[in-house]
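Enquirer: What follows is my_file.pdb, PDB, C-alpha atoms.
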ATOM      1  CA  MET A  52      82.110  17.568 138.248
ATOM      2  CA  THR A  53      83.786  15.754 135.345
ATOM      3  CA  HIS A  54      82.972  12.029 135.001
ATOM      4  CA  ILE A  55      85.698   9.849 133.537
ATOM      5  CA  ARG A  56      85.878   6.212 132.449
ATOM      6  CA  CYS A  57      89.077   4.492 131.439
ATOM      7  CA  GLY A  58      88.803   1.970 128.612
ATOM      8  CA  MET A  59      90.344  -1.481 128.743
ATOM      9  CA  ASP A  60      93.388  -2.575 126.808
ATOM     10  CA  VAL A  61      91.711  -3.875 123.658
ATOM     11  CA  PRO A  62      93.762  -5.999 121.231
ATOM     12  CA  GLY A  63      93.804  -4.694 117.699
ATOM     13  CA  ARG A  64      93.220  -1.112 118.794
ATOM     14  CA  GLY A  65      96.762  -0.184 119.585
ATOM     15  CA  GLY A  66      96.528  -1.323 123.185
ATOM     16  CA  ALA A  67      96.098   2.271 124.381
ATOM     17  CA  LEU A  68      93.936   3.040 127.338
ATOM     18  CA  SER A  69      91.455   5.825 126.834
ATOM     19  CA  VAL A  70      89.213   7.993 128.933
ATOM     20  CA  HIS A  71      85.765   9.241 128.032
ATOM     21  CA  ALA A  72      85.029  12.624 129.584
ATOM     22  CA  GLU A  73      81.955  14.556 128.617
ATOM     23  CA  GLY A  74      81.770  12.963 125.187
ATOM     24  CA  ARG A  75      85.470  13.366 124.326
ATOM     25  CA  GLN A  76      87.975  10.523 124.059
ATOM     26  CA  LEU A  77      91.262  11.406 125.739
ATOM     27  CA  PRO A  78      94.370   9.473 126.793
ATOM     28  CA  CYS A  79      93.763   7.767 130.094
ATOM     29  CA  GLY A  80      95.382   9.590 132.971
ATOM     30  CA  ILE A  81      94.670  12.012 135.750
ATOM     31  CA  VAL A  82      91.941  14.450 134.802
ATOM     32  CA  ARG A  83      91.673  17.454 137.052
ATOM     33  CA  ASP A  84      88.388  19.028 137.845
ATOM     34  CA  GLY A  85      88.214  22.398 136.065
ATOM     35  CA  ASN A  86      86.205  23.796 138.942
ATOM     36  CA  THR A  87      89.266  23.544 141.197
ATOM     37  CA  SER A  88      91.387  25.750 138.925
ATOM     38  CA  ALA A  89      88.554  28.216 138.505
ATOM     39  CA  GLY A  90      88.115  28.364 142.261
ATOM     40  CA  LYS A  91      91.795  29.073 142.817
ATOM     41  CA  GLU A  92      91.714  31.788 140.194
ATOM     42  CA  ARG A  93      88.715  33.406 141.889
ATOM     43  CA  TRP A  94      90.536  33.443 145.213
ATOM     44  CA  ARG A  95      93.609  34.961 143.571
ATOM     45  CA  HIS A  96      91.414  37.668 142.103
ATOM     46  CA  VAL A  97      89.824  38.324 145.486
ATOM     47  CA  ALA A  98      93.288  38.561 147.064
ATOM     48  CA  ASP A  99      94.440  40.960 144.344
ATOM     49  CA  VAL A 100      91.410  43.189 144.850
ATOM     50  CA  ALA A 101      91.967  43.164 148.614
ATOM     51  CA  LEU A 102      95.579  44.265 148.111
ATOM     52  CA  VAL A 103      94.467  47.056 145.789
ATOM     53  CA  VAL A 104      91.972  48.302 148.385
ATOM     54  CA  LEU A 105      94.676  48.151 151.057
ATOM     55  CA  GLY A 106      97.096  50.073 148.854
ATOM     56  CA  ALA A 107      94.503  52.718 148.003
ATOM     57  CA  GLY A 108      93.683  53.211 151.663
ATOM     58  CA  PHE A 109      97.347  53.517 152.557
ATOM     59  CA  LEU A 110      97.899  56.041 149.764
ATOM     60  CA  ALA A 111      94.976  58.118 151.039
ATOM     61  CA  TRP A 112      96.585  58.111 154.481
ATOM     62  CA  LEU A 113      99.907  59.215 152.986
ATOM     63  CA  VAL A 114      98.205  62.091 151.192
ATOM     64  CA  SER A 115      96.539  63.150 154.440
ATOM     65  CA  ARG A 116      99.990  63.274 156.023
ATOM     66  CA  GLY A 117     101.358  65.249 153.115
ATOM     67  CA  LEU A 118      98.617  67.847 153.296
ATOM     68  CA  ARG A 119     100.022  68.828 156.694
ATOM     69  CA  VAL A 120     103.379  69.846 155.220
ATOM     70  CA  GLY A 121     102.234  73.456 155.168
ATOM     71  CA  ASP A 122     102.144  73.390 158.969
ATOM     72  CA  GLN A 123     105.844  72.431 159.168
ATOM     73  CA  PRO A 124     108.086  75.372 158.242
ATOM     74  CA  ASN A 125     111.161  73.118 158.389
ATOM     75  CA  ALA A 126     109.785  70.608 155.857
ATOM     76  CA  ASP A 127     112.094  69.768 152.964
ATOM     77  CA  PHE A 128     109.584  71.091 150.467
ATOM     78  CA  PHE A 129     110.140  74.641 151.657
ATOM     79  CA  ASP A 130     113.845  74.340 150.851
ATOM     80  CA  PHE A 131     112.802  73.660 147.261
ATOM     81  CA  TYR A 132     110.100  76.324 147.305
ATOM     82  CA  PHE A 133     112.242  79.150 148.657
ATOM     83  CA  GLY A 134     115.076  78.029 146.412
ATOM     84  CA  ALA A 135     112.702  78.599 143.497
ATOM     85  CA  VAL A 136     111.783  81.999 144.974
ATOM     86  CA  ALA A 137     115.494  82.863 145.074
ATOM     87  CA  VAL A 138     115.865  81.938 141.408
ATOM     88  CA  ARG A 139     112.828  84.048 140.557
ATOM     89  CA  ASP A 140     114.082  87.074 142.502
ATOM     90  CA  GLY A 141     117.754  86.783 141.566
ATOM     91  CA  GLN A 142     118.891  85.959 145.105
ATOM     92  CA  ASP A 143     121.601  83.509 146.135
ATOM     93  CA  LEU A 144     120.016  80.075 145.878
ATOM     94  CA  TYR A 145     122.182  78.564 148.612
ATOM     95  CA  ARG A 146     121.696  81.291 151.219
ATOM     96  CA  VAL A 147     117.911  81.492 151.446
ATOM     97  CA  ASN A 148     115.892  79.570 154.046
ATOM     98  CA  ASP A 149     118.976  79.017 156.229
ATOM     99  CA  GLY A 150     120.859  77.367 153.387
ATOM    100  CA  GLY A 151     118.450  74.449 153.227
ATOM    101  CA  TYR A 152     118.744  73.987 149.466
ATOM    102  CA  ILE A 153     121.809  71.785 148.826
ATOM    103  CA  TYR A 154     121.119  70.289 145.394
ATOM    104  CA  PRO A 155     122.073  71.268 141.838
ATOM    105  CA  PRO A 156     120.034  74.268 140.662
ATOM    106  CA  LEU A 157     117.832  72.267 138.258
ATOM    107  CA  LEU A 158     115.024  71.545 140.730
ATOM    108  CA  ALA A 159     114.788  75.149 141.920
ATOM    109  CA  VAL A 160     114.626  76.375 138.329
ATOM    110  CA  VAL A 161     111.945  73.850 137.356
ATOM    111  CA  LEU A 162     109.800  74.707 140.392
ATOM    112  CA  ARG A 163     109.653  78.442 139.673
ATOM    113  CA  PRO A 164     105.993  78.276 138.526
ATOM    114  CA  MET A 165     105.056  77.061 142.012
ATOM    115  CA  THR A 166     106.164  80.392 143.448
ATOM    116  CA  LEU A 167     102.992  81.884 141.980
ATOM    117  CA  LEU A 168     101.190  80.065 144.802
ATOM    118  CA  GLU A 169     101.279  80.734 148.504
ATOM    119  CA  PRO A 170     103.722  78.402 150.306
ATOM    120  CA  THR A 171     100.998  76.305 151.958
ATOM    121  CA  THR A 172      99.038  75.941 148.726
ATOM    122  CA  ALA A 173     102.209  75.042 146.861
ATOM    123  CA  ALA A 174     102.957  72.395 149.498
ATOM    124  CA  ASN A 175      99.537  70.826 148.937
ATOM    125  CA  VAL A 176     100.076  70.796 145.180
ATOM    126  CA  TRP A 177     103.446  69.149 145.779
ATOM    127  CA  THR A 178     101.758  66.470 147.895
ATOM    128  CA  MET A 179      99.367  65.611 145.077
ATOM    129  CA  LEU A 180     102.301  65.480 142.669
ATOM    130  CA  LEU A 181     104.060  63.048 145.012
ATOM    131  CA  ALA A 182     100.941  60.873 145.051
ATOM    132  CA  ALA A 183     100.892  60.795 141.243
ATOM    133  CA  LEU A 184     104.601  59.949 141.155
ATOM    134  CA  LEU A 185     104.149  57.134 143.671
ATOM    135  CA  ILE A 186     101.230  55.632 141.745
ATOM    136  CA  THR A 187     103.152  55.783 138.469
ATOM    137  CA  THR A 188     106.343  54.346 139.932
ATOM    138  CA  ALA A 189     104.576  51.530 141.771
ATOM    139  CA  TRP A 190     102.546  50.652 138.657
ATOM    140  CA  LEU A 191     105.713  50.412 136.554
ATOM    141  CA  VAL A 192     107.297  48.180 139.202
ATOM    142  CA  GLY A 193     104.209  45.946 139.130
ATOM    143  CA  GLU A 194     104.307  45.687 135.337
ATOM    144  CA  GLU A 195     108.016  44.950 135.265
ATOM    145  CA  THR A 196     107.658  42.311 137.981
ATOM    146  CA  GLN A 197     105.040  40.474 135.927
ATOM    147  CA  ARG A 198     107.168  40.688 132.797
ATOM    148  CA  ARG A 199     110.382  39.459 134.390
ATOM    149  CA  LEU A 200     108.702  36.628 136.307
ATOM    150  CA  GLY A 201     106.611  35.547 133.335
ATOM    151  CA  LEU A 202     103.322  36.056 135.144
ATOM    152  CA  GLY A 203     101.449  37.324 132.100
ATOM    153  CA  PHE A 204      99.663  40.643 132.305
ATOM    154  CA  SER A 205      96.624  41.633 134.321
ATOM    155  CA  ARG A 206      95.728  45.168 135.337
ATOM    156  CA  VAL A 207      94.334  43.958 138.642
ATOM    157  CA  ARG A 208      97.498  41.942 139.319
ATOM    158  CA  THR A 209      99.641  44.951 138.383
ATOM    159  CA  ALA A 210      97.701  47.137 140.804
ATOM    160  CA  ALA A 211      98.030  44.455 143.493
ATOM    161  CA  LEU A 212     101.801  44.226 143.045
ATOM    162  CA  ALA A 213     101.998  48.017 143.074
ATOM    163  CA  SER A 214     100.066  48.052 146.342
ATOM    164  CA  VAL A 215     102.483  45.540 147.842
ATOM    165  CA  ALA A 216     105.408  47.777 146.866
ATOM    166  CA  VAL A 217     103.734  50.784 148.463
ATOM    167  CA  VAL A 218     102.749  49.069 151.708
ATOM    168  CA  MET A 219     106.042  47.203 152.199
ATOM    169  CA  LEU A 220     107.968  50.486 152.049
ATOM    170  CA  GLY A 221     105.352  52.319 154.061
ATOM    171  CA  GLN A 222     107.761  53.970 156.484
ATOM    172  CA  THR A 223     109.798  55.364 153.601
ATOM    173  CA  TRP A 224     106.742  56.842 151.911
ATOM    174  CA  LYS A 225     105.467  58.213 155.208
ATOM    175  CA  SER A 226     108.674  60.204 155.590
ATOM    176  CA  GLU A 227     108.561  61.276 151.941
ATOM    177  CA  PHE A 228     105.060  62.717 152.231
ATOM    178  CA  GLN A 229     105.466  64.062 155.741
ATOM    179  CA  TRP A 230     108.480  66.163 154.786
ATOM    180  CA  GLY A 231     107.591  66.838 151.163
ATOM    181  CA  ASN A 232     110.835  65.436 149.807
ATOM    182  CA  SER A 233     111.844  64.921 146.175
ATOM    183  CA  ASN A 234     113.020  61.308 146.270
ATOM    184  CA  LEU A 235     110.062  60.067 144.239
ATOM    185  CA  LEU A 236     111.190  62.190 141.297
ATOM    186  CA  VAL A 237     114.538  60.442 141.419
ATOM    187  CA  LEU A 238     113.021  57.005 141.983
ATOM    188  CA  LEU A 239     110.727  57.295 138.971
ATOM    189  CA  ALA A 240     113.683  58.208 136.762
ATOM    190  CA  VAL A 241     115.695  55.258 138.113
ATOM    191  CA  VAL A 242     112.805  52.817 137.596
ATOM    192  CA  LEU A 243     112.409  54.032 134.015
ATOM    193  CA  SER A 244     116.146  53.647 133.486
ATOM    194  CA  LEU A 245     116.115  50.037 134.685
ATOM    195  CA  ARG A 246     112.953  49.296 132.699
ATOM    196  CA  TRP A 247     114.482  50.584 129.463
ATOM    197  CA  VAL A 248     118.066  49.365 129.875
ATOM    198  CA  GLU A 249     117.616  46.315 127.625
ATOM    199  CA  ARG A 250     115.059  47.613 125.147
ATOM    200  CA  TRP A 251     115.982  51.287 124.774
ATOM    201  CA  PRO A 252     119.463  51.788 126.254
ATOM    202  CA  ALA A 253     119.774  55.415 125.158
ATOM    203  CA  TRP A 254     116.546  56.359 126.938
ATOM    204  CA  SER A 255     117.715  54.357 129.940
ATOM    205  CA  GLY A 256     120.940  56.336 130.180
ATOM    206  CA  ALA A 257     119.113  59.628 129.697
ATOM    207  CA  ALA A 258     116.685  58.837 132.520
ATOM    208  CA  LEU A 259     119.586  58.001 134.819
ATOM    209  CA  GLY A 260     121.295  61.259 133.885
ATOM    210  CA  VAL A 261     118.180  63.233 134.809
ATOM    211  CA  ALA A 262     117.980  61.393 138.145
ATOM    212  CA  VAL A 263     121.577  62.316 138.995
ATOM    213  CA  GLY A 264     120.853  65.899 137.976
ATOM    214  CA  VAL A 265     118.266  66.088 140.758
ATOM    215  CA  LYS A 266     120.140  64.109 143.434
ATOM    216  CA  TYR A 267     123.558  62.509 143.188
ATOM    217  CA  LEU A 268     122.935  59.048 144.648
ATOM    218  CA  PRO A 269     121.796  57.247 141.444
ATOM    219  CA  ILE A 270     125.269  57.742 139.969
ATOM    220  CA  VAL A 271     126.163  54.457 141.699
ATOM    221  CA  LEU A 272     124.352  52.733 138.796
ATOM    222  CA  LEU A 273     126.754  54.130 136.196
ATOM    223  CA  PRO A 274     129.430  51.432 136.780
ATOM    224  CA  TYR A 275     126.784  48.819 135.947
ATOM    225  CA  LEU A 276     126.368  50.344 132.493
ATOM    226  CA  LEU A 277     130.124  50.471 131.991
ATOM    227  CA  VAL A 278     130.748  46.907 133.163
ATOM    228  CA  ARG A 279     128.007  45.692 130.828
ATOM    229  CA  ARG A 280     129.598  47.766 128.044
ATOM    230  CA  ASN A 281     126.301  49.431 127.382
ATOM    231  CA  TRP A 282     127.915  52.346 125.586
ATOM    232  CA  TRP A 283     124.661  53.749 124.226
ATOM    233  CA  ALA A 284     123.269  54.054 127.732
ATOM    234  CA  ALA A 285     126.521  55.441 129.140
ATOM    235  CA  GLY A 286     126.773  58.018 126.366
ATOM    236  CA  ALA A 287     123.156  59.082 126.794
ATOM    237  CA  PHE A 288     123.758  59.357 130.539
ATOM    238  CA  ALA A 289     126.651  61.760 129.990
ATOM    239  CA  GLY A 290     124.652  63.808 127.496
ATOM    240  CA  ALA A 291     121.537  64.045 129.655
ATOM    241  CA  LEU A 292     123.555  64.891 132.757
ATOM    242  CA  GLY A 293     125.285  67.669 130.863
ATOM    243  CA  VAL A 294     121.937  69.078 129.779
ATOM    244  CA  VAL A 295     120.376  69.037 133.252
ATOM    245  CA  LEU A 296     123.467  70.554 134.868
ATOM    246  CA  LEU A 297     124.119  73.244 132.273
ATOM    247  CA  GLY A 298     120.542  73.841 131.136
ATOM    248  CA  PRO A 299     119.679  76.110 134.097
ATOM    249  CA  ALA A 300     122.259  78.561 132.730
ATOM    250  CA  MET A 301     119.566  79.680 130.293
ATOM    251  CA  VAL A 302     117.749  81.128 133.314
ATOM    252  CA  LEU A 303     120.592  81.857 135.729
ATOM    253  CA  GLY A 304     123.348  82.846 133.334
ATOM    254  CA  TRP A 305     126.506  80.820 132.721
ATOM    255  CA  GLU A 306     128.625  82.383 135.432
ATOM    256  CA  ARG A 307     126.076  82.029 138.207
ATOM    257  CA  ASN A 308     125.120  78.516 137.139
ATOM    258  CA  LEU A 309     128.753  77.377 137.294
ATOM    259  CA  GLU A 310     129.087  79.036 140.685
ATOM    260  CA  TYR A 311     126.002  77.197 141.922
ATOM    261  CA  LEU A 312     127.280  73.868 140.602
ATOM    262  CA  GLY A 313     130.528  74.401 142.472
ATOM    263  CA  VAL A 314     128.619  75.020 145.703
ATOM    264  CA  ALA A 315     126.367  72.010 145.128
ATOM    265  CA  PHE A 316     129.226  69.606 144.417
ATOM    266  CA  ARG A 317     131.163  70.802 147.452
ATOM    267  CA  GLY A 318     128.119  69.960 149.561
TER     268      GLY A 318
END
Write the structure described by the file as structure tokens, please.

Expert:
Amino acid sequence: MTHIRCGMDVPGRGGALSVHAEGRQLPCGIVRDGNTSAGKERWRHVADVALVVLGAGFLAWLVSRGLRVGDQPNADFFDFYFGAVAVRDGQDLYRVNDGGYIYPPLLAVVLRPMTLLEPTTAANVWTMLLAALLITTAWLVGEETQRRLGLGFSRVRTAALASVAVVMLGQTWKSEFQWGNSNLLVLLAVVLSLRWVERWPAWSGAALGVAVGVKYLPIVLLPYLLVRRNWWAAGAFAGALGVVLLGPAMVLGWERNLEYLGVAFRG
């Protein structure tokens, strides 16, 4: 405990009150006990650690759900997987697996290496990839939250904020892992785009272009770039989107790629 003593108003010494605390002379006023602040900080740390443990446990549960994807033939992952098989074998991408693949051809082309694995094994690998994407995305959200709110930086606090993001959207992630979807790929690209929009606008636009090349929904963010007159970001968006839409032609051929894009955009 800190002991304090306020001095009297002494003529000839400026009339200022003073306080003597542990051998130091300070202006007289309210002196807070340092132990109180330290105690609060300890409790914050304990709370952060508890949130991290909760988030880790929830992530483990999500992974356990995802590892059952192989037992669900109608899971979204198998639309991607058999789409990649179609690309590998030269079949019609939009006719295999009951026409389940409805996206631009980029994802099917990128996932071709997974066709070297059996479908169930590939589904398990996909689940682990989703876990890595979720950890990365949530961590970036935690970092950006600290930066924008001026909370300083702490790895434990970042992990705690990431855990909050994971647990609060638990139902969304449950569906993502249970069906082996690809939304986390898109979400990571969108988070990177928003993170970079002020510091590296060109990279921000490129990330958004890649996101739209996988699924169309993030295109709703393009008007934001235009209204803000962020021409670097908007230009990079157009360039990146062109690359991810036309790039698969190197594998599929120009004619087939354009045909696939027409099918994808018609829905």

Enquirer: In Å to one decimal, how far is atom CA of Pro274 of chain A from atom CA of Glu249 of chain A?

Expert: 15.8 Å

Enquirer: Once the PyMOL selection byres ((chain A and resi 296) around 8) has been evaluated on this model, what residues remain selected, and can you format them as a PyMOL selection string?

Expert: chain A and resi 155-157+264+292-295+297-299+312

Enquirer: Determine, for each residue of segment 135-207 of chain A having at least one atom at most 9 Å from an atom of segment 104-123 of chain A, the closest pair of atoms and their separation in Å to one decimal, counting only C-alpha atoms; order by chain and ascending number, as a Markdown table.

Expert:
| residue | atom | partner | partner_atom | distance |
| --- | --- | --- | --- | --- |
| A:Pro170 | CA | A:Gly121 | CA | 7.1 |
| A:Thr171 | CA | A:Gly121 | CA | 4.5 |
| A:Thr172 | CA | A:Gly121 | CA | 7.6 |
| A:Ala173 | CA | A:Gly121 | CA | 8.5 |
| A:Ala174 | CA | A:Gly121 | CA | 5.8 |
| A:Asn175 | CA | A:Leu118 | CA | 5.4 |
| A:Val176 | CA | A:Leu118 | CA | 8.8 |
| A:Trp177 | CA | A:Gly117 | CA | 8.6 |
| A:Thr178 | CA | A:Gly117 | CA | 5.4 |
| A:Met179 | CA | A:Val114 | CA | 7.2 |
| A:Leu181 | CA | A:Val114 | CA | 8.6 |
| A:Ala182 | CA | A:Val114 | CA | 6.8 |
| A:Leu185 | CA | A:Leu110 | CA | 8.8 |
| A:Ile186 | CA | A:Leu110 | CA | 8.7 |

Enquirer: Grab the atom CA of Arg208 of chain A to atom CA of Leu239 of chain A distance for me, in Å with one decimal place.

Expert: 20.3 Å

Enquirer: List the spatial neighbours of Leu303 of chain A as an MDAnalysis selection string - criterion: any atom at most 12 Å away, all atoms listed in the file, same-chain residues fewer than 2 positions off excluded.

Expert: chainID A and resid 135 137:144 156:157 159:161 296:301 305:312

Enquirer: Deliver the residues from the most recent selection as a file, using C-alpha atoms, as a tab-separated table (two decimals), in the coordinates of the input.

Expert:
chain	number	residue	atom	x	y	z
A	135	ALA	CA	112.70	78.60	143.50
A	137	ALA	CA	115.49	82.86	145.07
A	138	VAL	CA	115.86	81.94	141.41
A	139	ARG	CA	112.83	84.05	140.56
A	140	ASP	CA	114.08	87.07	142.50
A	141	GLY	CA	117.75	86.78	141.57
A	142	GLN	CA	118.89	85.96	145.10
A	143	ASP	CA	121.60	83.51	146.14
A	144	LEU	CA	120.02	80.08	145.88
A	156	PRO	CA	120.03	74.27	140.66
A	157	LEU	CA	117.83	72.27	138.26
A	159	ALA	CA	114.79	75.15	141.92
A	160	VAL	CA	114.63	76.38	138.33
A	161	VAL	CA	111.94	73.85	137.36
A	296	LEU	CA	123.47	70.55	134.87
A	297	LEU	CA	124.12	73.24	132.27
A	298	GLY	CA	120.54	73.84	131.14
A	299	PRO	CA	119.68	76.11	134.10
A	300	ALA	CA	122.26	78.56	132.73
A	301	MET	CA	119.57	79.68	130.29
A	305	TRP	CA	126.51	80.82	132.72
A	306	GLU	CA	128.62	82.38	135.43
A	307	ARG	CA	126.08	82.03	138.21
A	308	ASN	CA	125.12	78.52	137.14
A	309	LEU	CA	128.75	77.38	137.29
A	310	GLU	CA	129.09	79.04	140.68
A	311	TYR	CA	126.00	77.20	141.92
A	312	LEU	CA	127.28	73.87	140.60

Enquirer: Run the PyMOL selection byres ((chain A and resi 96) around 12) mentally over the shown coordinates, then write out the matched residues as a compact mmCIF listing (two decimals) with C-alpha atoms, in the coordinates of the input, using the chain letters and numbers from the document.

Expert:
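Saved result, out01.txt, follows:
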# COMPACT_ATOMS: atom_id res chain seq x y z
CA ALA A 89 88.55 28.22 138.50
CA GLY A 90 88.12 28.36 142.26
CA LYS A 91 91.80 29.07 142.82
CA GLU A 92 91.71 31.79 140.19
CA ARG A 93 88.72 33.41 141.89
CA TRP A 94 90.54 33.44 145.21
CA ARG A 95 93.61 34.96 143.57
CA VAL A 97 89.82 38.32 145.49
CA ALA A 98 93.29 38.56 147.06
CA ASP A 99 94.44 40.96 144.34
CA VAL A 100 91.41 43.19 144.85
CA ALA A 101 91.97 43.16 148.61
CA LEU A 102 95.58 44.26 148.11
CA VAL A 103 94.47 47.06 145.79
CA SER A 205 96.62 41.63 134.32
CA ARG A 206 95.73 45.17 135.34
CA VAL A 207 94.33 43.96 138.64
CA ARG A 208 97.50 41.94 139.32
CA THR A 209 99.64 44.95 138.38
CA ALA A 210 97.70 47.14 140.80
CA ALA A 211 98.03 44.46 143.49

Enquirer: Carefully work through the PyMOL selection byres ((chain A and resi 289) around 12) for this structure and note down the residues it includes, as a ChimeraX atom specification.

Expert: /A:253-264,270,273,276-277,282-288,290-297

Enquirer: Which residue gives the smallest distance to Val217 of chain A among A:Pro252, A:Gly150, A:Gly193, A:Gly231, with all atoms listed in the file counted?

Expert: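 Result for the nearest residue to Val217 of chain A: A:Gly193.
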
Enquirer: Quick one: distance from atom CA of Leu191 of chain A to atom CA of Leu243 of chain A in Å, one decimal?

Expert: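 Going from atom CA of Leu191 of chain A over to atom CA of Leu243 of chain A covers 8.0 Å.
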
Enquirer: So, counting only C-alpha atoms, which residue among A:Ile153, A:Arg246, A:Tyr275, A:Asp127 is closest to Arg199 of chain A?

Expert: A:Arg246

Enquirer: Using only C-alpha atoms, find the one residue out of A:Tyr152, A:Phe316, A:Tyr267, A:Tyr145 that sits nearest to Val237 of chain A.

Expert: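 Comparing A:Tyr152, A:Phe316, A:Tyr267, A:Tyr145 against Val237 of chain A, the winner is A:Tyr267.
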
Enquirer: Considering only C-alpha atoms, can you say which of A:Val136, A:Ala216, A:Leu238, A:Ala183 comes closest to Met165 of chain A?

Expert: A:Val136

Enquirer: Pick the closest to Val265 of chain A from A:Ser244, A:Gln197, A:Ser226, A:Ser233: which is it, counting all atoms listed in the file?

Expert: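 Looking only at the distances to Val265 of chain A, the closest residue turns out to be A:Ser233.
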
Enquirer: Edge lengths and centre in Å to one decimal, as AutoDock Vina command-line options, of the axis-aligned box that encloses all listed atoms of segment 187-203 of chain A with 6 Å added on every side?

Expert:
--center_x 105.9 --center_y 45.7 --center_z 136.9 --size_x 20.9 --size_y 32.2 --size_z 21.7

Enquirer: Select, from A:Thr166, A:Glu195, A:Val314, A:Leu158, the residue with the minimum atom-to-atom distance to Trp247 of chain A, counting all atoms listed in the file.

Expert: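 When distances to Trp247 of chain A are compared using all atoms listed in the file, the smallest one comes from A:Glu195.
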
Enquirer: N, CA and C atoms for segment 168-185 of chain A, written as a PDB file, in the frame of the given file, could you do that?

Expert:
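File written: out.pdb
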ATOM      1  N   LEU A 168     102.124  80.478 143.754  1.00  0.00           N
ATOM      2  CA  LEU A 168     101.190  80.065 144.802  1.00  0.00           C
ATOM      3  C   LEU A 168     101.746  80.429 146.174  1.00  0.00           C
ATOM      4  N   GLU A 169     100.849  80.566 147.123  1.00  0.00           N
ATOM      5  CA  GLU A 169     101.279  80.734 148.504  1.00  0.00           C
ATOM      6  C   GLU A 169     101.997  79.460 148.963  1.00  0.00           C
ATOM      7  N   PRO A 170     102.944  79.583 149.897  1.00  0.00           N
ATOM      8  CA  PRO A 170     103.722  78.402 150.306  1.00  0.00           C
ATOM      9  C   PRO A 170     102.870  77.205 150.714  1.00  0.00           C
ATOM     10  N   THR A 171     101.821  77.431 151.508  1.00  0.00           N
ATOM     11  CA  THR A 171     100.998  76.305 151.958  1.00  0.00           C
ATOM     12  C   THR A 171     100.260  75.658 150.793  1.00  0.00           C
ATOM     13  N   THR A 172      99.730  76.480 149.903  1.00  0.00           N
ATOM     14  CA  THR A 172      99.038  75.941 148.726  1.00  0.00           C
ATOM     15  C   THR A 172     100.009  75.172 147.844  1.00  0.00           C
ATOM     16  N   ALA A 173     101.194  75.727 147.664  1.00  0.00           N
ATOM     17  CA  ALA A 173     102.209  75.042 146.861  1.00  0.00           C
ATOM     18  C   ALA A 173     102.582  73.700 147.480  1.00  0.00           C
ATOM     19  N   ALA A 174     102.639  73.653 148.816  1.00  0.00           N
ATOM     20  CA  ALA A 174     102.957  72.395 149.498  1.00  0.00           C
ATOM     21  C   ALA A 174     101.883  71.347 149.242  1.00  0.00           C
ATOM     22  N   ASN A 175     100.625  71.766 149.212  1.00  0.00           N
ATOM     23  CA  ASN A 175      99.537  70.826 148.937  1.00  0.00           C
ATOM     24  C   ASN A 175      99.593  70.319 147.497  1.00  0.00           C
ATOM     25  N   VAL A 176      99.916  71.212 146.575  1.00  0.00           N
ATOM     26  CA  VAL A 176     100.076  70.796 145.180  1.00  0.00           C
ATOM     27  C   VAL A 176     101.222  69.795 145.065  1.00  0.00           C
ATOM     28  N   TRP A 177     102.295  70.050 145.779  1.00  0.00           N
ATOM     29  CA  TRP A 177     103.446  69.149 145.779  1.00  0.00           C
ATOM     30  C   TRP A 177     103.053  67.767 146.314  1.00  0.00           C
ATOM     31  N   THR A 178     102.223  67.744 147.340  1.00  0.00           N
ATOM     32  CA  THR A 178     101.758  66.470 147.895  1.00  0.00           C
ATOM     33  C   THR A 178     100.995  65.667 146.851  1.00  0.00           C
ATOM     34  N   MET A 179     100.124  66.318 146.108  1.00  0.00           N
ATOM     35  CA  MET A 179      99.367  65.611 145.077  1.00  0.00           C
ATOM     36  C   MET A 179     100.290  65.129 143.958  1.00  0.00           C
ATOM     37  N   LEU A 180     101.318  65.914 143.661  1.00  0.00           N
ATOM     38  CA  LEU A 180     102.301  65.480 142.669  1.00  0.00           C
ATOM     39  C   LEU A 180     103.045  64.242 143.164  1.00  0.00           C
ATOM     40  N   LEU A 181     103.399  64.227 144.445  1.00  0.00           N
ATOM     41  CA  LEU A 181     104.060  63.048 145.012  1.00  0.00           C
ATOM     42  C   LEU A 181     103.163  61.817 144.908  1.00  0.00           C
ATOM     43  N   ALA A 182     101.874  62.001 145.157  1.00  0.00           N
ATOM     44  CA  ALA A 182     100.941  60.873 145.051  1.00  0.00           C
ATOM     45  C   ALA A 182     100.922  60.331 143.623  1.00  0.00           C
ATOM     46  N   ALA A 183     100.888  61.229 142.643  1.00  0.00           N
ATOM     47  CA  ALA A 183     100.892  60.795 141.243  1.00  0.00           C
ATOM     48  C   ALA A 183     102.196  60.079 140.899  1.00  0.00           C
ATOM     49  N   LEU A 184     103.305  60.588 141.407  1.00  0.00           N
ATOM     50  CA  LEU A 184     104.601  59.949 141.155  1.00  0.00           C
ATOM     51  C   LEU A 184     104.661  58.561 141.785  1.00  0.00           C
ATOM     52  N   LEU A 185     104.126  58.431 142.995  1.00  0.00           N
ATOM     53  CA  LEU A 185     104.149  57.134 143.671  1.00  0.00           C
ATOM     54  C   LEU A 185     103.284  56.117 142.931  1.00  0.00           C
TER      55      LEU A 185
END
